[in-house]
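What follows is a short report on a single structure.
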Amino acid sequence: MYDIIIIGGGAAGLSAAKEAYDPDLNILIIEREAKLGGILKQCIHNGFGIHKFNLELTGPEFAEKTADGIADLDIEVMLETTVTDIIQFKTFDLTVMNEAHGEFHLEAKSVIIATGCYEKTRSQILLPGDRPAGIMTAGSAQRYLNIDGYMVGKKVFILGSGDIGLIMARRMTLEGADVLGVAELMPYSNGLTRNIAQCLDDYDIPLYLSHTITNIVGKERLEQIVIQEVDPHFQPIAGTEKTFDVDTLLLSVGLVPDIQMFESLKFAVSPVTKGAIVDQHLQTSVDGLFACGNALHVHDLVDWVAEESERAGRYAKMYVQGTLDTHRQEDVIPGDNVRYVLPHRYDFDSADDSVKFALRSTLKAAKGTFKITQGETLIMHKKARHIAPAEMEHIVVPKEKMVSNAPITISLEVT
Amino acid sequence: MAKREMICIVCPVGCHLSVDEETLEVTGNRCPRGAKYGKKELTNPTRMLTSTVKTNATLQRRVSIKTSDEIPKGKIFEIMDELNTIDAQVPVKSGDILLKNVCDTGVDIVATTSLDR
Ligand SMILES: Cc1cc2nc3c(=O)[nH]c(=O)nc-3n(C[C@H](O)[C@H](O)[C@H](O)COP(=O)(O)OP(=O)(O)OC[C@H]3O[C@@H](n4cnc5c(N)ncnc54)[C@H](O)[C@@H]3O)c2cc1C
Ligand code: SF4
């Protein structure tokens with residue numbers, strides 16, 4: 001019987017493990033790959049760790065530094081092992097598989113879900129036209145190139161301006177491919193602004209905003225794509241067709257928390273984030289079940305993944321030690337122009353000296369003010385600049401500002 | 001006076017900088033690194049370069065690398081060619097120098113992944 005089992009050995013799982021550690025607890029990390037580190041192993045570019053380590057690291061370096069953080073602790077790690085199901089009686093019963101032992105079961109008092117996210121594929125976004133080879137997610141292309149050393153194509157177009165797509169536009173260019181453009185359905189990019197600057201602008205790769213793909217041509221291998229401008233209702237505008245001869249189309253159209261395998265547990269899931277609904281302790285609606293990192297909501301910066309996951313680890317430890325106590329939970333409500341706020345629920349009584357929120361807006365704005373209200377009372381506001389759905393905002397409300405234990409609403413006023 | 005608008009790429013915050021083309025004065029930066037970046041973009045633009053090189057490891061077919069410091073933007077493709085000459089032998093440790101003074105830039109090529117097999 002383990003006290004805590006952490007599923008996933010990426011940045012989230014490793015950070016959670018470090019904070020959950022206690023010499024008296026039995027902690028296990030289960031990771032399906034042969035090496036710890038998760039998706040960061042293939043993110044070879046730099047820019048990670050500014051907030052966490054005050055250093056500019058590459059993905060693999062950040063992963064290694066995080067893994068080193070638990071190397072000397074007595075934490076068990078099972079590599080090349082996959083969790084396929086979990087059920088709960090009094091404790092959690094995990095169905096686990098690996099090559100050495102086949103299928104077996106493990107028991108834990110508490111479980112932390114740190115399984116990361118997956119990329120949306122063609123079948124999830126309904127692309128028109130033929131279905132030839134040469135269409136894949138940007139993340140798969142990243143793995144082929146950076147881990148396996150295999151270029152997926154020579155003439156490339158990218159659909160979606162998410163960070164992975166932008167990073168891959170530069171990466172494929174550096175490796176000699178001709179990247180003809182990036183098309184984005186929205187009138188703004190979904191990637192970090194710095195990635196537009198250093199991945200597209202530096203290499204004169206055009207970004208077609210408010211454009212989508214309206215035809216795909218190719219028998220066996222992709223040969224051609226057609227893009228078209230869209231109107232404010234996302235309908236293609238006739239006469240705006242542009243044709244590109246390409247052999248590869250990379251999709252960077254969104255990430256989704258990877259939690260399908262946990263269906264048996266029936267915890268509440270947010271229709272917006274597609275991850276679990278959690279309270280300020282990162283605890284789901286199932287007692288003892290915690291979630292963090294990209295498995296909870298998609299993060300753009302691993303630094304925030306690490307910070308959030310450390311908290312999940314800390315609270316899971318308190319849970320098994322019997323010191324985690326939550327009573328009255330109130331909702332945290334996303335108001336005008338706010339897509340979601342995490343945590344979804346808050347027990348203000350047991351909060352420390354401040355309450356912390358992570359949120360995303362629904363729109364892009366040069367300037368705005370986040371307003372935090374309880375009932376009719378405005379308890380705090382925070383000015384922000386360059387607000388974008390792609391960039392997560394953080395708001396800390398000192399406890400003395402709160403006027404009651406009523407639900408909190410956070411909205412964004414564009415100025 | 002003419003100003004150049006740009007995005008600071010030093011960290012993911014991505015501040016919008018405005019650089020005076022004559023005085024090289026930078027505004028819009030949230031930290032001193034942004035001021036340094038803005039000035040340099042107008043005088044001598046440089047970039048960190050990250051890529052991968054060949055290896056005899058079995059755990060992965062490629063080892064990720066970075067330049068030990070920024071290199072002139074104009075030399076990026078020349079350095080990419082030079083990387084093809086590297087074949088990293090296991091055990092590789094993150095931080096190992098795989099090639100010294102690449103293309104006479106004074107900058108080294110450093111491994112960013114450790115592979116013991
Ligand atoms: C392709 C891609 C590129 C990205 N690039 C960047 C970037 O450049 N910069 C940035 O800051 N962020 C990037 N991100 C976001 C990045 O995912 C986070 O920054 C962070 O690394 C996520 O950490 P995580 O631990 O939550 O997830 P992951 O790193 O994905 O870790 C999840 C781990 O769980 C394991 N796992 C999953 N299911 C199971 C199971 N059933 N059993 C056992 N193990 C399992 C996986 O093998 C994996 O190792 C990228 C994300 C993706 C998908
Ligand atoms: S100015 Fe400072 S905070 Fe802003 S992007 Fe540059 S390095 Fe980051």
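By convention here, the chains of the structure tokens are called A, B, ... in the order presented, each chain's residues are numbered starting at 1, and ligands are numbered starting at 1 in the order presented.
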
_Quick one: residues within 10 Å of stretch 373-384 of chain A, only C-alpha atoms, excluding same-chain residues fewer than 4 positions away - as a ChimeraX atom specification?_
/A:332-333,335,365-369,393,395-398,400-415

*Please determine the contact residues of chain B with respect to chain A at a cut-off of 6 Å, counting only C-alpha atoms, and supply them as a list in words.*
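That gives the following set of residues: Ile9, Cys11, Gly14, Thr50, Gln60, Arg61, Arg62, Thr112 and Thr113 of chain B.
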
_Those in chain B with strand (DSSP E or B) from DSSP, as a PyMOL selection string_ = chain B and resi 3-7+16-20+26-27+46-47+50-55+62-67+71-72+87-88+92+97-99+109-111+115

May I have the selected residues written with N, CA and C atoms, as a CSV table (one decimal), in the first residue's frame?
```csv
chain,number,residue,atom,x,y,z
B,3,LYS,N,11.1,55.7,-33.6
B,3,LYS,CA,11.2,54.6,-32.6
B,3,LYS,C,10.9,53.3,-33.3
B,4,ARG,N,11.6,52.2,-32.8
B,4,ARG,CA,11.4,50.9,-33.3
B,4,ARG,C,10.6,50.1,-32.3
B,5,GLU,N,9.4,49.6,-32.7
B,5,GLU,CA,8.6,48.8,-31.8
B,5,GLU,C,9.0,47.3,-32.0
B,6,MET,N,9.2,46.6,-30.9
B,6,MET,CA,9.5,45.2,-31.0
B,6,MET,C,9.1,44.5,-29.7
B,7,ILE,N,9.1,43.2,-29.8
B,7,ILE,CA,8.8,42.3,-28.7
B,7,ILE,C,10.0,41.8,-28.1
B,16,HIS,N,6.4,44.5,-24.7
B,16,HIS,CA,6.4,45.3,-26.0
B,16,HIS,C,7.3,46.5,-25.8
B,17,LEU,N,8.5,46.4,-26.5
B,17,LEU,CA,9.5,47.5,-26.3
B,17,LEU,C,9.4,48.5,-27.4
B,18,SER,N,9.8,49.7,-27.0
B,18,SER,CA,9.9,50.8,-27.9
B,18,SER,C,11.3,51.3,-27.8
B,19,VAL,N,12.1,51.3,-28.9
B,19,VAL,CA,13.5,51.7,-28.8
B,19,VAL,C,13.7,53.0,-29.7
B,20,ASP,N,14.3,54.0,-29.0
B,20,ASP,CA,14.6,55.2,-29.8
B,20,ASP,C,15.8,54.9,-30.7
B,26,VAL,N,15.3,52.6,-24.2
B,26,VAL,CA,14.2,51.6,-24.3
B,26,VAL,C,13.1,51.8,-23.3
B,27,THR,N,11.9,51.8,-23.7
B,27,THR,CA,10.8,51.8,-22.8
B,27,THR,C,9.9,50.6,-23.0
B,46,THR,N,21.6,39.3,-31.8
B,46,THR,CA,22.1,38.0,-31.6
B,46,THR,C,21.0,37.1,-31.1
B,47,ARG,N,21.2,35.8,-31.2
B,47,ARG,CA,20.2,34.8,-30.8
B,47,ARG,C,20.9,33.6,-30.1
B,50,THR,N,19.3,26.7,-30.5
B,50,THR,CA,19.2,25.3,-30.0
B,50,THR,C,18.9,24.4,-31.1
B,51,SER,N,19.4,23.2,-31.1
B,51,SER,CA,19.1,22.2,-32.1
B,51,SER,C,19.5,20.8,-31.5
B,52,THR,N,19.7,19.8,-32.4
B,52,THR,CA,20.1,18.5,-31.9
B,52,THR,C,21.3,18.0,-32.8
B,53,VAL,N,22.0,17.1,-32.3
B,53,VAL,CA,23.1,16.5,-33.0
B,53,VAL,C,23.0,15.0,-32.9
B,54,LYS,N,23.8,14.3,-33.8
B,54,LYS,CA,23.8,12.9,-33.9
B,54,LYS,C,24.4,12.3,-32.6
B,55,THR,N,24.1,11.1,-32.3
B,55,THR,CA,24.7,10.4,-31.1
B,55,THR,C,24.7,8.9,-31.3
B,62,ARG,N,18.9,11.4,-31.0
B,62,ARG,CA,19.5,12.7,-31.1
B,62,ARG,C,19.8,13.3,-29.7
B,63,VAL,N,20.8,14.1,-29.6
B,63,VAL,CA,21.1,14.8,-28.3
B,63,VAL,C,20.8,16.3,-28.5
B,64,SER,N,20.0,16.9,-27.7
B,64,SER,CA,19.7,18.3,-27.8
B,64,SER,C,20.9,19.1,-27.4
B,65,ILE,N,21.1,20.3,-28.0
B,65,ILE,CA,22.3,21.2,-27.8
B,65,ILE,C,21.8,22.6,-27.7
B,66,LYS,N,22.7,23.5,-27.2
B,66,LYS,CA,22.5,24.9,-27.2
B,66,LYS,C,23.8,25.6,-27.4
B,67,THR,N,23.8,26.8,-27.9
B,67,THR,CA,25.1,27.6,-27.9
B,67,THR,C,25.3,28.1,-26.5
B,71,ILE,N,24.7,34.0,-30.4
B,71,ILE,CA,25.6,34.1,-31.6
B,71,ILE,C,25.0,35.2,-32.6
B,72,PRO,N,25.8,35.8,-33.5
B,72,PRO,CA,25.2,36.8,-34.4
B,72,PRO,C,24.1,36.1,-35.2
B,87,ASP,N,29.2,14.1,-33.6
B,87,ASP,CA,28.6,12.8,-33.3
B,87,ASP,C,28.9,12.5,-31.8
B,88,ALA,N,27.9,12.8,-30.9
B,88,ALA,CA,28.1,12.8,-29.5
B,88,ALA,C,28.2,11.3,-29.0
B,92,VAL,N,26.8,11.0,-22.4
B,92,VAL,CA,26.7,12.4,-22.6
B,92,VAL,C,26.1,13.0,-21.4
B,97,ILE,N,30.7,20.1,-23.3
B,97,ILE,CA,31.0,20.9,-24.5
B,97,ILE,C,31.3,19.9,-25.6
B,98,LEU,N,30.5,20.0,-26.7
B,98,LEU,CA,30.6,19.1,-27.8
B,98,LEU,C,31.4,19.6,-28.9
B,99,LEU,N,31.5,21.0,-29.0
B,99,LEU,CA,32.3,21.6,-30.1
B,99,LEU,C,32.7,23.0,-29.5
B,109,ILE,N,29.4,24.7,-28.4
B,109,ILE,CA,28.1,24.0,-28.5
B,109,ILE,C,28.1,23.0,-27.3
B,110,VAL,N,27.0,23.1,-26.5
B,110,VAL,CA,26.9,22.5,-25.2
B,110,VAL,C,25.7,21.5,-25.3
B,111,ALA,N,25.9,20.3,-24.8
B,111,ALA,CA,24.8,19.3,-24.7
B,111,ALA,C,23.8,19.8,-23.6
B,115,LEU,N,22.5,11.4,-21.5
B,115,LEU,CA,22.1,10.1,-22.0
B,115,LEU,C,23.2,9.1,-21.6
```

*Fewer than 6 positions away in the same chain doesn't count, so skip those; otherwise give me all residues within 12 Å of A:Thr323, counting only C-alpha atoms, as an MDAnalysis selection string.*
chainID A and resid 314:317 350

*Residues at most 7 Å from ligand 2, using only C-alpha atoms and all ligand atoms? Could they come as a list in words?*
Cys8, Ile9, Val10, Cys11, Pro12, Val13, Gly14, Cys15, Asn29, Arg30, Cys31, Pro32, Arg33, Gly34 and Ala35 of chain B

Create the file for the chosen residues now, containing N, CA, C and O atoms and written as a CSV table (one decimal), in the first residue's frame.
```csv
chain,number,residue,atom,x,y,z
B,8,CYS,N,10.2,42.0,-26.8
B,8,CYS,CA,11.3,41.4,-26.1
B,8,CYS,C,11.2,39.9,-26.1
B,8,CYS,O,10.2,39.3,-25.6
B,9,ILE,N,12.2,39.2,-26.5
B,9,ILE,CA,12.2,37.7,-26.6
B,9,ILE,C,13.0,37.1,-25.5
B,9,ILE,O,13.2,35.9,-25.5
B,10,VAL,N,13.5,37.9,-24.6
B,10,VAL,CA,14.4,37.4,-23.6
B,10,VAL,C,13.7,36.4,-22.6
B,10,VAL,O,14.3,35.4,-22.2
B,11,CYS,N,12.5,36.7,-22.3
B,11,CYS,CA,11.7,35.7,-21.5
B,11,CYS,C,10.3,35.7,-22.0
B,11,CYS,O,9.8,36.5,-22.7
B,12,PRO,N,9.5,34.7,-21.6
B,12,PRO,CA,8.2,34.5,-22.1
B,12,PRO,C,7.2,35.6,-21.8
B,12,PRO,O,6.1,35.6,-22.3
B,13,VAL,N,7.5,36.5,-20.9
B,13,VAL,CA,6.6,37.6,-20.6
B,13,VAL,C,6.3,38.4,-21.9
B,13,VAL,O,5.2,38.8,-22.1
B,14,GLY,N,7.3,38.5,-22.7
B,14,GLY,CA,7.1,39.1,-24.0
B,14,GLY,C,6.7,40.6,-24.0
B,14,GLY,O,5.8,41.0,-24.6
B,15,CYS,N,7.5,41.4,-23.2
B,15,CYS,CA,7.2,42.9,-23.1
B,15,CYS,C,7.2,43.5,-24.5
B,15,CYS,O,8.1,43.2,-25.3
B,29,ASN,N,9.9,47.9,-21.1
B,29,ASN,CA,10.5,46.7,-20.5
B,29,ASN,C,10.2,46.6,-19.0
B,29,ASN,O,10.2,47.6,-18.3
B,30,ARG,N,9.9,45.4,-18.6
B,30,ARG,CA,9.6,45.2,-17.2
B,30,ARG,C,10.9,44.9,-16.4
B,30,ARG,O,10.8,44.8,-15.2
B,31,CYS,N,12.0,44.7,-17.0
B,31,CYS,CA,13.2,44.4,-16.3
B,31,CYS,C,14.4,44.8,-17.1
B,31,CYS,O,14.3,45.0,-18.3
B,32,PRO,N,15.6,44.9,-16.5
B,32,PRO,CA,16.7,45.5,-17.2
B,32,PRO,C,17.2,44.6,-18.4
B,32,PRO,O,17.8,45.2,-19.3
B,33,ARG,N,16.9,43.3,-18.4
B,33,ARG,CA,17.3,42.5,-19.5
B,33,ARG,C,16.6,43.0,-20.8
B,33,ARG,O,17.2,42.8,-21.9
B,34,GLY,N,15.4,43.5,-20.7
B,34,GLY,CA,14.7,44.0,-21.8
B,34,GLY,C,15.4,45.2,-22.4
B,34,GLY,O,15.4,45.4,-23.7
B,35,ALA,N,15.9,46.1,-21.6
B,35,ALA,CA,16.6,47.3,-22.1
B,35,ALA,C,17.8,46.9,-22.9
B,35,ALA,O,18.1,47.4,-24.0
```

Could the residues of chain A that have an atom at most 6 Å from ligand 1 be listed as CSV, each with its closest atom pair and the distance in Å to one decimal, counting only C-alpha atoms and all ligand atoms and ordered by chain and ascending residue number?
```
residue,atom,partner,partner_atom_place_in_ligand_line,distance
A:Ile7,CA,ligand 1,43 (C),5.4
A:Gly8,CA,ligand 1,34 (O),3.2
A:Gly9,CA,ligand 1,49 (O),4.9
A:Gly10,CA,ligand 1,31 (O),3.5
A:Ala11,CA,ligand 1,25 (O),3.9
A:Ala12,CA,ligand 1,25 (O),3.6
A:Gly13,CA,ligand 1,25 (O),5.5
A:Ile30,CA,ligand 1,43 (C),5.2
A:Glu31,CA,ligand 1,44 (N),3.8
A:Arg32,CA,ligand 1,44 (N),4.0
A:Glu33,CA,ligand 1,47 (O),5.3
A:Gly37,CA,ligand 1,49 (O),5.9
A:Gly38,CA,ligand 1,49 (O),3.2
A:Ile39,CA,ligand 1,29 (O),3.9
A:Leu40,CA,ligand 1,21 (O),5.0
A:Cys43,CA,ligand 1,8 (O),5.3
A:Phe48,CA,ligand 1,11 (O),5.9
A:Thr81,CA,ligand 1,43 (C),5.9
A:Thr82,CA,ligand 1,42 (N),3.6
A:Val83,CA,ligand 1,42 (N),4.0
A:Thr84,CA,ligand 1,41 (N),5.6
A:Ala114,CA,ligand 1,26 (O),5.6
A:Thr115,CA,ligand 1,34 (O),3.7
A:Gly116,CA,ligand 1,27 (O),3.3
A:Cys117,CA,ligand 1,30 (O),5.7
A:Tyr118,CA,ligand 1,53 (C),5.8
A:Gly139,CA,ligand 1,1 (C),3.7
A:Ile164,CA,ligand 1,3 (C),5.2
A:Gly293,CA,ligand 1,26 (O),3.6
A:Asn294,CA,ligand 1,26 (O),3.8
A:Ala295,CA,ligand 1,26 (O),5.7
A:His299,CA,ligand 1,15 (C),5.8
A:Asp300,CA,ligand 1,12 (N),5.0
A:Leu301,CA,ligand 1,11 (O),3.5
A:Val302,CA,ligand 1,19 (O),3.3
```

If you keep N, CA, C and O atoms, can you produce a file of those selected residues as a CSV table (one decimal), in the first residue's frame?
```csv
chain,number,residue,atom,x,y,z
A,7,ILE,N,0.8,9.8,-10.9
A,7,ILE,CA,0.7,9.3,-12.3
A,7,ILE,C,1.3,10.3,-13.2
A,7,ILE,O,0.7,11.3,-13.5
A,8,GLY,N,2.5,10.0,-13.8
A,8,GLY,CA,3.1,10.9,-14.8
A,8,GLY,C,4.4,11.5,-14.2
A,8,GLY,O,4.4,12.0,-13.1
A,9,GLY,N,5.5,11.3,-14.9
A,9,GLY,CA,6.8,11.8,-14.4
A,9,GLY,C,7.3,13.0,-15.2
A,9,GLY,O,8.5,13.1,-15.5
A,10,GLY,N,6.4,13.9,-15.6
A,10,GLY,CA,6.8,15.1,-16.3
A,10,GLY,C,7.1,16.2,-15.2
A,10,GLY,O,7.2,15.9,-14.0
A,11,ALA,N,7.1,17.4,-15.7
A,11,ALA,CA,7.4,18.5,-14.7
A,11,ALA,C,6.4,18.5,-13.6
A,11,ALA,O,6.8,18.8,-12.4
A,12,ALA,N,5.1,18.2,-13.9
A,12,ALA,CA,4.1,18.3,-12.8
A,12,ALA,C,4.3,17.2,-11.8
A,12,ALA,O,4.4,17.4,-10.6
A,13,GLY,N,4.5,15.9,-12.3
A,13,GLY,CA,4.6,14.8,-11.4
A,13,GLY,C,5.9,14.9,-10.5
A,13,GLY,O,5.8,14.7,-9.3
A,30,ILE,N,4.7,6.8,-11.3
A,30,ILE,CA,4.6,5.9,-12.4
A,30,ILE,C,4.7,6.7,-13.7
A,30,ILE,O,3.9,7.6,-13.9
A,31,GLU,N,5.6,6.3,-14.5
A,31,GLU,CA,5.8,7.0,-15.8
A,31,GLU,C,5.9,6.0,-16.9
A,31,GLU,O,6.6,5.0,-16.9
A,32,ARG,N,5.2,6.3,-18.0
A,32,ARG,CA,5.0,5.3,-19.1
A,32,ARG,C,6.3,5.3,-20.0
A,32,ARG,O,6.6,4.3,-20.7
A,33,GLU,N,7.1,6.4,-20.0
A,33,GLU,CA,8.3,6.4,-20.9
A,33,GLU,C,9.5,5.9,-20.2
A,33,GLU,O,9.5,5.7,-18.9
A,37,GLY,N,10.7,13.3,-17.2
A,37,GLY,CA,10.8,14.6,-17.8
A,37,GLY,C,9.6,15.0,-18.7
A,37,GLY,O,9.3,16.2,-18.9
A,38,GLY,N,8.9,14.0,-19.2
A,38,GLY,CA,7.7,14.3,-19.9
A,38,GLY,C,7.9,15.0,-21.2
A,38,GLY,O,9.0,14.8,-21.8
A,39,ILE,N,7.0,15.9,-21.6
A,39,ILE,CA,7.1,16.6,-22.9
A,39,ILE,C,8.3,17.5,-23.0
A,39,ILE,O,8.7,17.8,-24.1
A,40,LEU,N,8.8,17.9,-21.9
A,40,LEU,CA,10.0,18.8,-21.9
A,40,LEU,C,11.2,18.2,-22.6
A,40,LEU,O,12.0,18.9,-23.2
A,43,CYS,N,11.2,19.5,-26.0
A,43,CYS,CA,11.1,21.0,-26.2
A,43,CYS,C,12.5,21.5,-26.0
A,43,CYS,O,12.9,22.1,-25.0
A,48,PHE,N,12.8,28.4,-20.6
A,48,PHE,CA,12.1,27.8,-19.5
A,48,PHE,C,12.8,28.2,-18.2
A,48,PHE,O,14.0,28.3,-18.2
A,81,THR,N,6.0,2.1,-17.4
A,81,THR,CA,4.8,1.5,-16.8
A,81,THR,C,3.7,2.4,-17.0
A,81,THR,O,3.8,3.6,-16.8
A,82,THR,N,2.5,1.9,-17.4
A,82,THR,CA,1.3,2.7,-17.7
A,82,THR,C,0.2,2.4,-16.8
A,82,THR,O,0.0,1.2,-16.5
A,83,VAL,N,-0.5,3.4,-16.3
A,83,VAL,CA,-1.7,3.2,-15.5
A,83,VAL,C,-2.9,3.2,-16.5
A,83,VAL,O,-3.0,4.1,-17.3
A,84,THR,N,-3.7,2.1,-16.4
A,84,THR,CA,-4.8,2.0,-17.4
A,84,THR,C,-6.1,2.3,-16.8
A,84,THR,O,-7.1,2.6,-17.5
A,114,ALA,N,-1.0,13.6,-12.9
A,114,ALA,CA,-0.1,14.5,-13.5
A,114,ALA,C,0.3,14.0,-14.9
A,114,ALA,O,1.5,13.8,-15.3
A,115,THR,N,-0.8,13.6,-15.7
A,115,THR,CA,-0.6,12.9,-16.9
A,115,THR,C,-0.4,13.8,-18.1
A,115,THR,O,-0.3,13.3,-19.3
A,116,GLY,N,-0.4,15.1,-17.9
A,116,GLY,CA,-0.1,16.0,-19.0
A,116,GLY,C,-1.3,16.2,-20.0
A,116,GLY,O,-2.5,15.9,-19.6
A,117,CYS,N,-1.1,16.6,-21.2
A,117,CYS,CA,-2.2,16.8,-22.1
A,117,CYS,C,-1.8,16.1,-23.5
A,117,CYS,O,-0.7,15.7,-23.7
A,118,TYR,N,-2.8,16.1,-24.3
A,118,TYR,CA,-2.6,15.6,-25.7
A,118,TYR,C,-3.0,16.7,-26.7
A,118,TYR,O,-3.7,17.6,-26.3
A,139,GLY,N,3.3,18.6,-32.3
A,139,GLY,CA,4.1,17.9,-31.2
A,139,GLY,C,4.6,16.6,-31.7
A,139,GLY,O,5.7,16.2,-31.3
A,164,ILE,N,3.5,25.5,-30.0
A,164,ILE,CA,4.2,24.4,-30.5
A,164,ILE,C,4.4,24.5,-32.0
A,164,ILE,O,5.4,24.2,-32.6
A,293,GLY,N,-0.8,20.4,-13.2
A,293,GLY,CA,-0.1,20.5,-14.5
A,293,GLY,C,-1.0,20.5,-15.6
A,293,GLY,O,-2.2,20.9,-15.5
A,294,ASN,N,-0.6,20.1,-16.8
A,294,ASN,CA,-1.4,20.1,-18.0
A,294,ASN,C,-2.6,19.1,-17.9
A,294,ASN,O,-3.5,19.2,-18.7
A,295,ALA,N,-2.5,18.2,-17.0
A,295,ALA,CA,-3.7,17.3,-16.9
A,295,ALA,C,-4.8,18.0,-16.2
A,295,ALA,O,-6.0,17.6,-16.3
A,299,HIS,N,-1.2,24.7,-19.6
A,299,HIS,CA,-0.4,25.8,-19.2
A,299,HIS,C,0.5,26.2,-20.4
A,299,HIS,O,0.9,25.3,-21.1
A,300,ASP,N,0.9,27.5,-20.5
A,300,ASP,CA,1.8,27.8,-21.5
A,300,ASP,C,3.2,27.9,-21.0
A,300,ASP,O,4.2,27.8,-21.7
A,301,LEU,N,3.4,28.0,-19.7
A,301,LEU,CA,4.7,28.0,-19.1
A,301,LEU,C,4.9,26.9,-18.0
A,301,LEU,O,4.1,26.8,-17.1
A,302,VAL,N,6.0,26.2,-18.2
A,302,VAL,CA,6.2,25.1,-17.3
A,302,VAL,C,6.5,25.6,-15.9
A,302,VAL,O,6.2,24.9,-14.9
```

_Interatomic distance, atom CA of A:Leu359 to atom CA of A:Lys52 (Å, one decimal)_ =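 Atom-to-atom, atom CA of A:Leu359 to atom CA of A:Lys52, that is 19.3 Å.
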
*asked:* If DSSP is run on the backbone, what residues of stretch 199-314 of chain A are alpha helix (DSSP H)? A reply as a list in words would be ideal.
replied: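 So the alpha helix (DSSP H) residues in stretch 199-314 of chain A would be Val302, Asp303, Trp304, Val305, Ala306, Glu307, Glu308, Ser309, Glu310, Arg311, Ala312, Gly313 and Arg314 of chain A.
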
Expected file: the selected residues, N, CA, C and O atoms, as a PDB file, in the first residue's frame:
```
ATOM      1  N   VAL A 302       5.996  26.228 -18.189  1.00  0.00           N
ATOM      2  CA  VAL A 302       6.244  25.120 -17.274  1.00  0.00           C
ATOM      3  C   VAL A 302       6.498  25.630 -15.852  1.00  0.00           C
ATOM      4  O   VAL A 302       6.244  24.926 -14.883  1.00  0.00           O
ATOM      5  N   ASP A 303       6.971  26.861 -15.737  1.00  0.00           N
ATOM      6  CA  ASP A 303       7.201  27.437 -14.399  1.00  0.00           C
ATOM      7  C   ASP A 303       5.918  27.400 -13.568  1.00  0.00           C
ATOM      8  O   ASP A 303       5.939  27.091 -12.379  1.00  0.00           O
ATOM      9  N   TRP A 304       4.792  27.723 -14.210  1.00  0.00           N
ATOM     10  CA  TRP A 304       3.520  27.712 -13.481  1.00  0.00           C
ATOM     11  C   TRP A 304       3.071  26.284 -13.206  1.00  0.00           C
ATOM     12  O   TRP A 304       2.430  26.004 -12.196  1.00  0.00           O
ATOM     13  N   VAL A 305       3.417  25.375 -14.115  1.00  0.00           N
ATOM     14  CA  VAL A 305       3.121  23.956 -13.893  1.00  0.00           C
ATOM     15  C   VAL A 305       3.811  23.500 -12.610  1.00  0.00           C
ATOM     16  O   VAL A 305       3.212  22.866 -11.743  1.00  0.00           O
ATOM     17  N   ALA A 306       5.078  23.857 -12.489  1.00  0.00           N
ATOM     18  CA  ALA A 306       5.862  23.424 -11.327  1.00  0.00           C
ATOM     19  C   ALA A 306       5.282  24.007 -10.042  1.00  0.00           C
ATOM     20  O   ALA A 306       5.103  23.302  -9.047  1.00  0.00           O
ATOM     21  N   GLU A 307       4.943  25.277 -10.078  1.00  0.00           N
ATOM     22  CA  GLU A 307       4.442  25.951  -8.883  1.00  0.00           C
ATOM     23  C   GLU A 307       3.119  25.322  -8.428  1.00  0.00           C
ATOM     24  O   GLU A 307       2.934  25.001  -7.246  1.00  0.00           O
ATOM     25  N   GLU A 308       2.230  25.128  -9.381  1.00  0.00           N
ATOM     26  CA  GLU A 308       0.923  24.534  -9.065  1.00  0.00           C
ATOM     27  C   GLU A 308       1.083  23.104  -8.535  1.00  0.00           C
ATOM     28  O   GLU A 308       0.430  22.697  -7.573  1.00  0.00           O
ATOM     29  N   SER A 309       1.982  22.364  -9.160  1.00  0.00           N
ATOM     30  CA  SER A 309       2.138  20.956  -8.801  1.00  0.00           C
ATOM     31  C   SER A 309       2.783  20.793  -7.426  1.00  0.00           C
ATOM     32  O   SER A 309       2.485  19.842  -6.702  1.00  0.00           O
ATOM     33  N   GLU A 310       3.672  21.710  -7.084  1.00  0.00           N
ATOM     34  CA  GLU A 310       4.250  21.668  -5.733  1.00  0.00           C
ATOM     35  C   GLU A 310       3.141  21.800  -4.693  1.00  0.00           C
ATOM     36  O   GLU A 310       3.136  21.113  -3.676  1.00  0.00           O
ATOM     37  N   ARG A 311       2.190  22.682  -4.976  1.00  0.00           N
ATOM     38  CA  ARG A 311       1.063  22.833  -4.043  1.00  0.00           C
ATOM     39  C   ARG A 311       0.251  21.538  -3.977  1.00  0.00           C
ATOM     40  O   ARG A 311      -0.126  21.089  -2.895  1.00  0.00           O
ATOM     41  N   ALA A 312       0.013  20.919  -5.143  1.00  0.00           N
ATOM     42  CA  ALA A 312      -0.744  19.664  -5.142  1.00  0.00           C
ATOM     43  C   ALA A 312      -0.038  18.621  -4.285  1.00  0.00           C
ATOM     44  O   ALA A 312      -0.674  17.899  -3.508  1.00  0.00           O
ATOM     45  N   GLY A 313       1.279  18.563  -4.400  1.00  0.00           N
ATOM     46  CA  GLY A 313       2.053  17.594  -3.619  1.00  0.00           C
ATOM     47  C   GLY A 313       1.934  17.856  -2.128  1.00  0.00           C
ATOM     48  O   GLY A 313       1.733  16.948  -1.316  1.00  0.00           O
ATOM     49  N   ARG A 314       2.035  19.131  -1.789  1.00  0.00           N
ATOM     50  CA  ARG A 314       1.960  19.531  -0.377  1.00  0.00           C
ATOM     51  C   ARG A 314       0.598  19.146   0.220  1.00  0.00           C
ATOM     52  O   ARG A 314       0.510  18.606   1.313  1.00  0.00           O
TER      53      ARG A 314
END
```

_Can you measure atom CA of A:Gln142 to atom CA of B:Cys103 for me? One decimal in Å is fine._
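Spanning atom CA of A:Gln142 to atom CA of B:Cys103 is a straight-line distance of 26.6 Å.
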